[in-house]
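Asker: Could you have a look at this structure, given as structure tokens, before my questions?
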Amino acid sequence: MRRKQPGALRTAQQRTPGRLFQPGRIHRLSLSADAAIRRVEHESDGYTVFPGATAAAPHRCHSFFGLPGRTLYPGLADCPCRGCSLDDVTLARDVLDDVLALLPPRPQAEPGRLVALIDRELFRRPLPDPRAPGHPWRREAWWRMRQ
């Protein structure tokens, strides 16, 4: 009878699926923070947190900030499905907030710094929306009150 290779034994003992440890999916994050985010995405049953959402949200925010003009006006997404809804920069920021809330404290620091950069730019560029507090469908997050 043939023996199993040592690598095959270690692979069988691994608890986390290998797709969660693929490197370099989220820009500017270490592999451990990236793996923690992937684990949260795969284990979450929420509507806004799904596999790939955390990588798409900062990309959408940075493409929004790349638009010309001193002040920017976030628009609504054309399609309400959860993948297309990230076209709205406020929903993309909501996804980042939901992921940060689900992460354990230690891996939360790196994405927290990335979100702080996004917040600084979101606070600087869009104008305050005078209608924001009156809308019942809006959350009370400050980035929702900027338009």
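Ordering of the structure tokens sets the chain letters (A, B, ...); residue numbers start at 1 within each chain; ligands are numbered from 1 in the order shown.
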For segment 23-37 of chain A, find every residue with an atom within 7 Å (counting only C-alpha atoms), except residues of its own chain fewer than 5 positions away, and show them as a compact mmCIF listing (two decimals) with all heavy atoms, in the first residue's frame.
Answerer:
```txt
# COMPACT_ATOMS: atom_id res chain seq x y z
N ALA A 55 -13.64 43.96 -1.85
CA ALA A 55 -12.65 44.37 -2.84
C ALA A 55 -13.25 45.39 -3.82
O ALA A 55 -12.55 46.29 -4.29
CB ALA A 55 -12.14 43.16 -3.61
N PRO A 107 -7.57 42.09 13.05
CA PRO A 107 -7.53 42.33 11.61
C PRO A 107 -8.34 43.55 11.17
O PRO A 107 -8.32 43.92 10.01
CB PRO A 107 -8.12 41.06 10.99
CG PRO A 107 -8.48 40.17 12.07
CD PRO A 107 -8.22 40.84 13.37
N GLU A 110 -6.11 47.32 9.79
CA GLU A 110 -5.66 47.64 8.43
C GLU A 110 -6.79 48.15 7.55
O GLU A 110 -6.66 49.22 6.94
CB GLU A 110 -5.00 46.42 7.79
CG GLU A 110 -3.53 46.35 8.05
CD GLU A 110 -2.93 45.20 7.30
OE1 GLU A 110 -2.75 45.35 6.08
OE2 GLU A 110 -2.66 44.17 7.92
```
Asker: Contacts of segment 123-125 of chain A at 7 Å or less, counting only C-alpha atoms, minus same-chain residues fewer than 6 places along, as a ChimeraX atom specification?
Answerer: /A:70-72
Asker: Considering only C-alpha atoms, can you say which of A:Arg113, A:Leu76, A:Glu41, A:Gly66 comes closest to Ala92 of chain A?
Answerer: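 The shortest atom-to-atom distance to Ala92 of chain A comes from A:Leu76.
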Asker: If you count only C-alpha atoms, which residues fall within 10 Å of His62 of chain A, apart from same-chain ones fewer than 4 positions away, as a list in words?
Answerer: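 In the requested format, the answer is Ala57, Pro58, Gly66, Leu67, Val89, Ile118 and Glu121 of chain A.
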Asker: Would you save the residues from that selection as a tab-separated table (two decimals), in the first residue's frame, using N, CA, C and O atoms?
Answerer:
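Printed below is again02.tsv as written:
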```
chain	number	residue	atom	x	y	z
A	57	ALA	N	-15.81	47.57	-3.19
A	57	ALA	CA	-16.23	48.82	-2.55
A	57	ALA	C	-15.14	49.90	-2.56
A	57	ALA	O	-15.42	51.03	-2.98
A	58	PRO	N	-13.90	49.63	-2.12
A	58	PRO	CA	-12.89	50.69	-2.20
A	58	PRO	C	-12.57	51.10	-3.64
A	58	PRO	O	-12.33	52.27	-3.91
A	66	GLY	N	-12.07	59.96	-8.43
A	66	GLY	CA	-11.32	60.32	-9.63
A	66	GLY	C	-12.11	61.17	-10.61
A	66	GLY	O	-11.56	61.65	-11.60
A	67	LEU	N	-13.39	61.38	-10.34
A	67	LEU	CA	-14.21	62.21	-11.22
A	67	LEU	C	-13.75	63.66	-11.13
A	67	LEU	O	-13.30	64.12	-10.07
A	89	VAL	N	-21.84	55.22	-4.31
A	89	VAL	CA	-20.68	55.29	-3.42
A	89	VAL	C	-21.11	55.23	-1.95
A	89	VAL	O	-20.38	54.71	-1.11
A	118	ILE	N	-10.78	56.88	2.87
A	118	ILE	CA	-11.99	57.07	2.07
A	118	ILE	C	-12.91	58.08	2.76
A	118	ILE	O	-13.49	58.96	2.11
A	121	GLU	N	-11.79	61.72	2.30
A	121	GLU	CA	-12.12	62.23	0.97
A	121	GLU	C	-13.63	62.40	0.80
A	121	GLU	O	-14.07	63.36	0.18
```
Asker: Skip Ala77 of chain A itself and residues of its chain fewer than 6 positions away, then list as a ChimeraX atom specification all residues within 9 Å of it, counting only C-alpha atoms.
Answerer: /A:84-89,91
Asker: Take the selection from the previous step and output its residues with C-alpha atoms, as an mmCIF file, in the first residue's frame.
Answerer:
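Done, and the output landed in result.cif:
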```cif
data_model
loop_
_atom_site.group_PDB
_atom_site.id
_atom_site.type_symbol
_atom_site.label_atom_id
_atom_site.label_comp_id
_atom_site.auth_asym_id
_atom_site.auth_seq_id
_atom_site.Cartn_x
_atom_site.Cartn_y
_atom_site.Cartn_z
ATOM 1 C CA CYS A 84 -24.732 46.564 -9.087
ATOM 2 C CA SER A 85 -25.768 48.549 -6.016
ATOM 3 C CA LEU A 86 -22.075 49.201 -5.316
ATOM 4 C CA ASP A 87 -22.240 51.787 -8.105
ATOM 5 C CA ASP A 88 -23.671 54.104 -5.454
ATOM 6 C CA VAL A 89 -20.682 55.290 -3.416
ATOM 7 C CA LEU A 91 -23.771 51.949 -0.482
#
```
Asker: Neighbours of Phe50 of chain A within 9 Å (only C-alpha atoms; same-chain residues fewer than 6 positions away dropped), as a list in words?
Answerer: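 Everything that qualifies: Val40, Glu41, His42, Glu43, Ser44, Arg82 and Gly83 of chain A.
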Asker: Write the residues of the selection above to a file with N, CA and C atoms, as a short mmCIF file (atom, residue, chain, number, x, y, z; two decimals), in the first residue's frame.
Answerer:
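That gives us again05.cif:
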```cif
data_model
loop_
_atom_site.label_atom_id
_atom_site.label_comp_id
_atom_site.auth_asym_id
_atom_site.auth_seq_id
_atom_site.Cartn_x
_atom_site.Cartn_y
_atom_site.Cartn_z
N VAL A 40 -14.85 36.46 6.59
CA VAL A 40 -16.08 37.15 6.98
C VAL A 40 -17.07 37.19 5.83
N GLU A 41 -16.58 37.44 4.63
CA GLU A 41 -17.46 37.49 3.46
C GLU A 41 -18.13 36.14 3.21
N HIS A 42 -17.39 35.06 3.33
CA HIS A 42 -17.95 33.74 3.06
C HIS A 42 -18.86 33.24 4.17
N GLU A 43 -18.64 33.69 5.39
CA GLU A 43 -19.46 33.23 6.51
C GLU A 43 -20.67 34.12 6.76
N SER A 44 -20.70 35.31 6.17
CA SER A 44 -21.79 36.24 6.41
C SER A 44 -23.04 35.83 5.63
N ARG A 82 -27.55 43.35 -5.49
CA ARG A 82 -26.47 43.65 -4.55
C ARG A 82 -25.13 43.84 -5.22
N GLY A 83 -24.88 43.30 -6.37
CA GLY A 83 -23.63 43.54 -7.07
C GLY A 83 -23.59 44.90 -7.74
#
```
Asker: Just checking: using only C-alpha atoms, which residue out of A:Cys79, A:Tyr73, A:Gly46, A:Pro68 ends up closest to Val95 of chain A?
Answerer: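 That would be A:Gly46, the residue with the smallest distance to Val95 of chain A.
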Asker: Determine the nearest neighbour of Arg39 of chain A from the options A:Leu114, A:Val99, A:Leu122, A:Ala109, counting only C-alpha atoms.
Answerer: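 Nearest to Arg39 of chain A: A:Val99.
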Asker: What separation in Å, quoted to one decimal, exists between atom CA of Pro104 of chain A and atom CA of Asp45 of chain A?
Answerer: 16.9 Å
